[in-house]
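Colleague: start.txt is reproduced below (compact mmCIF, C-alpha atoms).
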# COMPACT_ATOMS: atom_id res chain seq x y z
CA MET E 1 22.98 33.24 -6.91
CA LYS E 2 23.50 31.87 -10.39
CA VAL E 3 20.41 30.70 -12.22
CA VAL E 4 20.58 27.72 -14.58
CA LEU E 5 17.77 27.65 -17.14
CA PHE E 6 16.95 24.61 -19.27
CA CYS E 7 16.24 25.94 -22.76
CA GLY E 8 17.28 23.15 -25.11
CA GLY E 9 14.30 20.81 -25.43
CA LEU E 10 12.54 20.06 -28.71
CA GLY E 11 9.13 21.27 -27.53
CA LEU E 12 7.32 18.42 -29.26
CA ARG E 13 3.91 19.35 -27.83
CA MET E 14 4.27 22.79 -29.43
CA ARG E 15 5.66 21.50 -32.72
CA GLU E 16 3.93 24.15 -34.86
CA ALA E 17 5.68 26.95 -32.95
CA SER E 18 8.89 25.13 -31.96
CA GLU E 19 9.72 24.28 -35.55
CA ARG E 20 10.30 28.02 -36.03
CA VAL E 21 11.76 28.96 -32.66
CA PRO E 22 12.68 27.04 -29.48
CA LYS E 23 9.78 26.89 -27.04
CA PRO E 24 11.36 29.34 -24.53
CA MET E 25 11.34 31.93 -27.33
CA VAL E 26 7.61 31.72 -28.00
CA PRO E 27 6.32 35.22 -27.17
CA ILE E 28 4.05 36.24 -24.33
CA GLY E 29 3.05 39.89 -24.44
CA GLY E 30 5.61 40.66 -27.13
CA ARG E 31 8.59 39.11 -25.37
CA PRO E 32 9.76 35.48 -25.16
CA ILE E 33 8.52 33.51 -22.18
CA LEU E 34 12.21 32.97 -21.36
CA TRP E 35 12.57 36.73 -20.83
CA HIS E 36 9.66 36.64 -18.36
CA VAL E 37 11.30 33.77 -16.44
CA MET E 38 14.63 35.62 -16.32
CA LYS E 39 12.93 38.87 -15.30
CA TYR E 40 11.33 37.04 -12.37
CA PHE E 41 14.72 35.92 -11.03
CA ALA E 42 16.31 39.30 -11.73
CA HIS E 43 13.57 41.00 -9.71
CA PHE E 44 14.90 39.20 -6.64
CA GLY E 45 18.51 40.14 -7.41
CA HIS E 46 19.64 37.00 -9.22
CA THR E 47 21.02 38.28 -12.53
CA GLU E 48 23.73 35.73 -13.40
CA PHE E 49 22.19 33.28 -15.83
CA VAL E 50 23.49 30.08 -17.41
CA LEU E 51 21.37 29.03 -20.38
CA CYS E 52 21.46 25.33 -21.28
CA LEU E 53 20.93 25.46 -25.04
CA GLY E 54 20.08 22.81 -27.62
CA HIS E 55 17.25 23.00 -30.15
CA LYS E 56 17.60 26.16 -32.29
CA SER E 57 20.13 27.67 -29.90
CA GLU E 58 21.03 30.30 -32.49
CA VAL E 59 17.59 31.89 -32.09
CA ILE E 60 18.16 32.48 -28.38
CA LYS E 61 21.67 33.78 -28.98
CA ASP E 62 20.53 36.15 -31.71
CA PHE E 63 17.74 37.52 -29.54
CA PHE E 64 20.13 38.63 -26.80
CA LEU E 65 22.98 39.61 -29.12
CA ASN E 66 20.65 42.01 -30.90
CA TYR E 67 18.59 43.08 -27.88
CA ASN E 68 17.79 46.78 -28.06
CA GLU E 69 16.59 48.22 -24.76
CA ALA E 70 15.40 51.35 -26.54
CA ALA E 71 12.96 49.25 -28.55
CA THR E 72 11.35 47.82 -25.41
CA ASN E 73 11.55 50.73 -22.96
CA ASP E 74 10.70 54.42 -22.74
CA PHE E 75 13.47 56.77 -23.84
CA VAL E 76 14.30 60.36 -24.82
CA LEU E 77 15.89 60.95 -28.23
CA ARG E 78 18.12 63.97 -28.87
CA ASN E 79 20.47 65.27 -31.56
CA GLY E 80 18.50 63.70 -34.38
CA GLY E 81 18.88 60.25 -32.91
CA ARG E 82 22.57 60.46 -32.02
CA ASP E 83 21.84 60.58 -28.28
CA ILE E 84 19.38 58.29 -26.51
CA GLU E 85 18.50 58.52 -22.83
CA LEU E 86 16.75 55.42 -21.57
CA LEU E 87 14.04 56.14 -19.01
CA LYS E 88 13.73 52.47 -18.13
CA ARG E 89 16.05 49.50 -18.50
CA ASP E 90 15.42 45.78 -18.23
CA ILE E 91 18.47 43.58 -18.94
CA HIS E 92 21.42 45.96 -18.64
CA ASP E 93 22.72 44.30 -15.45
CA TRP E 94 22.21 40.71 -16.56
CA GLU E 95 25.19 38.41 -17.11
CA ILE E 96 24.27 35.54 -19.42
CA THR E 97 26.39 32.47 -20.20
CA PHE E 98 25.28 30.56 -23.30
CA VAL E 99 26.19 26.86 -23.30
CA ASP E 100 25.39 24.30 -25.98
CA THR E 101 24.37 21.25 -23.94
CA GLY E 102 23.24 19.03 -26.82
CA LEU E 103 20.21 18.63 -29.01
CA ARG E 104 18.65 15.64 -27.27
CA ALA E 105 20.23 15.79 -23.81
CA THR E 106 18.12 15.22 -20.71
CA VAL E 107 17.76 17.87 -18.03
CA GLY E 108 20.23 15.95 -15.86
CA GLN E 109 22.77 15.83 -18.68
CA ARG E 110 22.33 19.54 -19.35
CA LEU E 111 22.90 20.34 -15.68
CA ARG E 112 26.07 18.24 -15.60
CA ALA E 113 27.29 20.00 -18.74
CA VAL E 114 27.23 23.44 -17.07
CA ARG E 115 28.77 22.40 -13.77
CA LYS E 116 31.98 24.35 -14.36
CA HIS E 117 29.95 27.52 -14.91
CA ILE E 118 28.50 27.25 -11.41
CA GLY E 119 32.02 27.75 -10.08
CA ALA E 120 32.55 27.62 -6.35
CA ASP E 121 29.00 28.65 -5.47
CA GLU E 122 27.61 26.54 -2.65
CA VAL E 123 24.00 27.11 -3.72
CA PHE E 124 22.42 27.90 -7.07
CA LEU E 125 18.98 28.10 -8.65
CA ALA E 126 17.58 26.31 -11.69
CA ASN E 127 14.36 26.22 -13.65
CA TYR E 128 12.71 25.27 -16.90
CA GLY E 129 12.69 28.05 -19.47
CA ASP E 130 8.94 27.92 -20.09
CA VAL E 131 7.09 27.99 -16.77
CA LEU E 132 5.88 31.03 -14.81
CA THR E 133 4.95 31.70 -11.20
CA ASP E 134 4.51 34.47 -8.65
CA ALA E 135 5.95 32.39 -5.78
CA PRO E 136 8.12 34.40 -3.36
CA LEU E 137 11.61 33.24 -4.29
CA PRO E 138 13.36 34.36 -1.07
CA TYR E 139 11.01 32.10 0.87
CA LEU E 140 11.88 29.13 -1.35
CA ILE E 141 15.59 29.72 -0.87
CA ASN E 142 15.51 30.39 2.86
CA ARG E 143 13.23 27.45 3.61
CA THR E 144 15.61 25.14 1.74
CA LEU E 145 18.73 26.49 3.42
CA ARG E 146 17.21 26.07 6.87
CA THR E 147 17.25 22.31 6.28
CA ASP E 148 19.91 19.81 5.22
CA ALA E 149 18.15 19.25 1.88
CA VAL E 150 20.39 19.04 -1.17
CA ALA E 151 17.57 20.07 -3.48
CA SER E 152 14.08 21.54 -3.40
CA PHE E 153 11.44 22.35 -5.98
CA LEU E 154 8.17 24.20 -6.23
CA CYS E 155 5.38 21.67 -5.67
CA VAL E 156 2.11 22.71 -7.31
CA LYS E 157 -1.27 21.36 -8.29
CA PRO E 158 -1.74 20.94 -12.07
CA ASN E 159 -3.85 23.69 -13.59
CA TYR E 160 -5.43 21.39 -16.12
CA SER E 161 -8.03 18.71 -15.61
CA PHE E 162 -7.87 15.01 -16.35
CA HIS E 163 -9.52 11.99 -14.76
CA ILE E 164 -7.94 9.16 -12.81
CA VAL E 165 -9.86 5.96 -13.55
CA SER E 166 -10.00 2.91 -11.26
CA THR E 167 -11.17 -0.50 -12.55
CA ASP E 168 -11.81 -3.97 -11.18
CA ASP E 169 -10.43 -7.28 -12.47
CA GLU E 170 -12.96 -7.23 -15.32
CA GLU E 171 -11.89 -3.70 -16.25
CA ARG E 172 -15.23 -2.32 -15.20
CA VAL E 173 -14.86 1.21 -13.90
CA THR E 174 -15.14 1.52 -10.13
CA ASN E 175 -14.23 5.17 -9.70
CA VAL E 176 -13.41 8.31 -11.67
CA VAL E 177 -11.65 11.19 -9.90
CA ASP E 178 -11.13 14.67 -11.30
CA THR E 179 -7.52 15.62 -10.51
CA ILE E 180 -8.38 19.27 -10.00
CA GLY E 181 -10.40 18.29 -6.96
CA SER E 182 -7.96 15.67 -5.69
CA ASP E 183 -4.76 15.93 -3.71
CA VAL E 184 -2.37 15.65 -6.65
CA TRP E 185 0.87 17.63 -6.51
CA ILE E 186 3.50 17.83 -9.25
CA ASN E 187 7.03 19.10 -9.80
CA GLY E 188 6.71 22.76 -10.82
CA GLY E 189 10.41 23.53 -11.29
CA TYR E 190 12.01 26.52 -9.53
CA PHE E 191 14.75 24.38 -8.05
CA VAL E 192 17.13 25.37 -5.26
CA PHE E 193 20.27 23.23 -5.38
CA ARG E 194 23.28 22.84 -3.18
CA LYS E 195 26.39 22.03 -5.20
CA GLU E 196 26.22 18.48 -3.80
CA ILE E 197 23.47 17.80 -6.34
CA PHE E 198 26.19 16.86 -8.82
CA ASP E 199 27.19 13.93 -6.59
CA TYR E 200 23.74 12.44 -7.21
CA ILE E 201 23.64 12.71 -11.02
CA GLU E 202 25.52 10.08 -12.97
CA GLU E 203 26.41 10.34 -16.63
CA GLY E 204 23.44 9.88 -18.95
CA GLU E 205 20.80 10.26 -16.25
CA ASP E 206 17.85 12.61 -16.19
CA LEU E 207 17.27 14.79 -13.14
CA VAL E 208 13.93 13.68 -11.74
CA GLU E 209 14.32 9.93 -12.11
CA GLU E 210 17.47 8.37 -10.59
CA PRO E 211 19.02 11.42 -8.86
CA PHE E 212 15.82 12.42 -7.12
CA ALA E 213 15.26 8.80 -6.10
CA ARG E 214 18.66 8.83 -4.39
CA LEU E 215 17.84 12.09 -2.63
CA ILE E 216 14.48 10.72 -1.50
CA GLY E 217 16.25 7.67 -0.07
CA GLU E 218 18.41 9.97 2.06
CA ARG E 219 15.55 12.38 2.86
CA LYS E 220 17.46 15.20 1.15
CA LEU E 221 14.73 16.36 -1.26
CA LEU E 222 12.33 19.11 -0.16
CA ALA E 223 8.99 20.10 -1.71
CA ASN E 224 7.76 23.68 -1.40
CA LYS E 225 4.00 23.30 -1.73
CA TYR E 226 2.46 26.37 -3.31
CA ASP E 227 -1.15 26.99 -4.32
CA GLY E 228 -0.64 30.43 -5.83
CA PHE E 229 -0.14 31.21 -9.50
CA TRP E 230 1.86 28.71 -11.54
CA ALA E 231 1.55 28.06 -15.27
CA PRO E 232 3.60 26.05 -17.76
CA MET E 233 3.57 26.66 -21.49
CA ASP E 234 3.48 23.12 -22.85
CA THR E 235 0.98 23.63 -25.67
CA LEU E 236 -0.27 26.33 -28.00
CA LYS E 237 -3.41 26.49 -25.87
CA ASP E 238 -1.23 27.35 -22.87
CA GLN E 239 0.44 30.10 -24.90
CA GLN E 240 -2.92 31.49 -25.92
CA THR E 241 -4.12 31.45 -22.30
CA LEU E 242 -1.06 33.36 -21.09
CA GLU E 243 -1.35 35.80 -24.00
CA GLY E 244 -4.99 36.35 -23.10
CA MET E 245 -4.00 37.15 -19.52
CA VAL E 246 -1.58 39.81 -20.77
CA GLU E 247 -4.21 41.33 -23.04
CA SER E 248 -6.70 41.47 -20.16
CA GLY E 249 -4.17 43.24 -17.95
CA LEU E 250 -3.77 40.24 -15.64
CA SER E 251 -0.17 38.96 -15.52
CA PRO E 252 0.34 37.59 -11.99
CA TRP E 253 3.87 36.34 -12.74
CA ARG E 254 5.00 39.96 -13.25
CA VAL E 255 6.08 40.35 -9.63
CA TRP E 256 8.30 43.24 -10.73
CA GLY E 257 5.22 45.29 -11.69
CA VAL E 258 4.38 46.98 -14.96
CA ASP E 259 5.46 50.51 -14.05
CA GLU E 260 7.79 49.75 -11.16
CA PRO E 261 10.65 47.49 -12.35
CA ASP E 262 12.04 47.21 -8.82
CA GLY E 263 8.73 46.79 -6.99
CA THR E 264 8.49 44.28 -4.15
CA LEU E 265 6.29 41.22 -3.94
CA ASP E 266 3.19 41.31 -1.77
CA GLU E 267 3.93 39.54 1.51
CA GLN E 268 0.51 37.83 1.46
CA ILE E 269 1.75 34.46 0.23
CA SER E 270 -0.11 31.20 0.04
CA PHE E 271 2.07 28.24 1.03
CA GLU E 272 1.27 24.91 2.60
CA THR E 273 3.71 24.01 5.34
Rewrite the coordinates I just gave you, this time as structure tokens.

Modeller:
Amino acid sequence: MKVVLFCGGLGLRMREASERVPKPMVPIGGRPILWHVMKYFAHFGHTEFVLCLGHKSEVIKDFFLNYNEAATNDFVLRNGGRDIELLKRDIHDWEITFVDTGLRATVGQRLRAVRKHIGADEVFLANYGDVLTDAPLPYLINRTLRTDAVASFLCVKPNYSFHIVSTDDEERVTNVVDTIGSDVWINGGYFVFRKEIFDYIEEGEDLVEEPFARLIGERKLLANKYDGFWAPMDTLKDQQTLEGMVESGLSPWRVWGVDEPDGTLDEQISFET
């Protein structure tokens, strides 16, 4: 299936980093978080990507135009450097379409802008370019296709803490609830879409507001509740946390494995049904 990735946002909450590079290009373990997202999909056999570009699109283009697999994989060098035998490869079978979808476009507008690149595919995948998970993708796809849902997304609990405050008419606090301990679920991306999704998105609309409301009204939107690993990179603190996980040898989103690029995901999954 084709994979649409939203890579064009301004990354305002990571302004210090995103002023230099677009947020999906901020590195985790020496490679952009976008590469990690793409590697996740490629692990499950989905290697046709459509990148919705915007802010600093040239940085993303340059990265892939100048990508050197020998610089990021083991290899054997012969003939004084004239012959190189790669012992591992990582993006050689990827097909990537780069589309400028506007500097300030919404996710819905970006999706509409790449419709022609989906072609005749009945089903396609989509995701944000800066969020990681170890969720079993085949399960997400198959569960969606077993229903009449037009769209589904990974539904996760936020991995950060804030407090929901209740007050009375005098604005005196009556209750404070920590969201980590409450039943709060959010949109975690990792969308599965039937091509009919385009019938629900009108010009100028975002994805989650009006289109999802229409789908909800027709009971055509499915949530895949998952309580396994999921992590966005919205802030520099998030980037530092993910970088720390790599340095400690703990990278749960690397379902492809460190030494086994084609390794399979553990079947012990943790979904709520």

Colleague: Identify which of the residues E:Glu209, E:Arg214, E:Lys225, E:Gly30 lies closest to Val184 in chain E, counting all atoms listed in the file when measuring atom-to-atom distances.

Modeller: E:Lys225

Colleague: Between CA of Asn187 in chain E and CA of Leu154 in chain E, measure the distance and give it in Å to one decimal.

Modeller: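 Between these atoms lies a distance of 6.3 Å.
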
Colleague: So that I can check the surroundings of Asp238 in chain E, please list as a list in words every protein, DNA and RNA residue that reaches within 12 Å of it, counting all atoms listed in the file and ignoring chain neighbours fewer than 2 positions away.

Modeller: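 Near Asp238 in chain E, the qualifying residues are Arg13, Met14, Lys23, Val26, Pro27, Ile28, Ile33, Asp130, Val131, Leu132, Asn159, Tyr160, Trp230, Ala231, Pro232, Met233, Asp234, Thr235, Leu236, Gln240, Thr241, Leu242, Glu243, Gly244 and Met245 of chain E.
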
Colleague: The selected residues should be written to file as an mmCIF file, in the frame of the given file (atoms: C-alpha atoms).

Modeller:
data_model
loop_
_atom_site.group_PDB
_atom_site.id
_atom_site.type_symbol
_atom_site.label_atom_id
_atom_site.label_comp_id
_atom_site.auth_asym_id
_atom_site.auth_seq_id
_atom_site.Cartn_x
_atom_site.Cartn_y
_atom_site.Cartn_z
ATOM 1 C CA ARG E 13 3.910 19.350 -27.830
ATOM 2 C CA MET E 14 4.270 22.790 -29.430
ATOM 3 C CA LYS E 23 9.780 26.890 -27.040
ATOM 4 C CA VAL E 26 7.610 31.720 -28.000
ATOM 5 C CA PRO E 27 6.320 35.220 -27.170
ATOM 6 C CA ILE E 28 4.050 36.240 -24.330
ATOM 7 C CA ILE E 33 8.520 33.510 -22.180
ATOM 8 C CA ASP E 130 8.940 27.920 -20.090
ATOM 9 C CA VAL E 131 7.090 27.990 -16.770
ATOM 10 C CA LEU E 132 5.880 31.030 -14.810
ATOM 11 C CA ASN E 159 -3.850 23.690 -13.590
ATOM 12 C CA TYR E 160 -5.430 21.390 -16.120
ATOM 13 C CA TRP E 230 1.860 28.710 -11.540
ATOM 14 C CA ALA E 231 1.550 28.060 -15.270
ATOM 15 C CA PRO E 232 3.600 26.050 -17.760
ATOM 16 C CA MET E 233 3.570 26.660 -21.490
ATOM 17 C CA ASP E 234 3.480 23.120 -22.850
ATOM 18 C CA THR E 235 0.980 23.630 -25.670
ATOM 19 C CA LEU E 236 -0.270 26.330 -28.000
ATOM 20 C CA GLN E 240 -2.920 31.490 -25.920
ATOM 21 C CA THR E 241 -4.120 31.450 -22.300
ATOM 22 C CA LEU E 242 -1.060 33.360 -21.090
ATOM 23 C CA GLU E 243 -1.350 35.800 -24.000
ATOM 24 C CA GLY E 244 -4.990 36.350 -23.100
ATOM 25 C CA MET E 245 -4.000 37.150 -19.520
#

Colleague: Pick the closest to Cys7 in chain E from E:Phe44, E:Phe124, E:Trp35, E:Tyr139: which is it, counting only C-alpha atoms?

Modeller: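 When distances to Cys7 in chain E are compared using only C-alpha atoms, the smallest one comes from E:Trp35.
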
Colleague: Nearest to Val150 in chain E: which of E:Arg254, E:His46, E:His163, E:Lys195 is it, counting only C-alpha atoms?

Modeller: E:Lys195

Colleague: I'd like the interatomic distance between CA of Glu203 in chain E and CA of Ile216 in chain E, to a tenth of an Å.

Modeller: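 These atoms are spaced 19.3 Å apart.
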
Colleague: Which residue, E:Glu247, E:Asp227, E:Glu210, E:Asp93, has the smallest gap to Glu48 in chain E when you use only C-alpha atoms?

Modeller: E:Asp93

Colleague: Name the closest residue to Phe98 in chain E among the candidates E:Pro22, E:Pro158, E:Gly81, E:Gly8; distances are taken between atoms, counting only C-alpha atoms.

Modeller: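 The shortest atom-to-atom distance to Phe98 in chain E comes from E:Gly8.
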
Colleague: Excluding Glu218 in chain E and residues on its chain fewer than 6 positions from it, collect all residues at most 12 Å away from it, counting all atoms listed in the file, and give them as a list of chain:residue names.

Modeller: E:Asp148, E:Ala149, E:Val150, E:Ala151, E:Tyr200, E:Pro211, E:Phe212

Colleague: As JSON, numbers by chain, please: the residues near Val165 in chain E (cut-off 9 Å, all atoms listed in the file, same-chain neighbours under 2 positions excluded).

Modeller: {"E": [163, 167, 173, 174, 175, 176, 177]}

Colleague: Would you work out the distance separating CA of Thr72 in chain E from CA of Leu34 in chain E, expressed in Å to one decimal?

Modeller: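 Computing it gives 15.4 Å between the two atoms.
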
Colleague: Each side padded by 6 Å, which centre and which edge lengths in Å (one decimal) define the axis-aligned box around the listed atoms of range 201-208 of chain E? Give them as JSON.

Modeller:
{"center_x": 20.2, "center_y": 12.3, "center_z": -15.0, "size_x": 24.5, "size_y": 16.9, "size_z": 19.9}

Colleague: Within 12 Å of Arg115 in chain E, counting all atoms listed in the file, which residues show up once you throw out same-chain ones fewer than 6 positions away? Write them as an MDAnalysis selection string, please.

Modeller: chainID E and resid 2:4 50:52 99 101 108:109 121:122 124 193:199 201
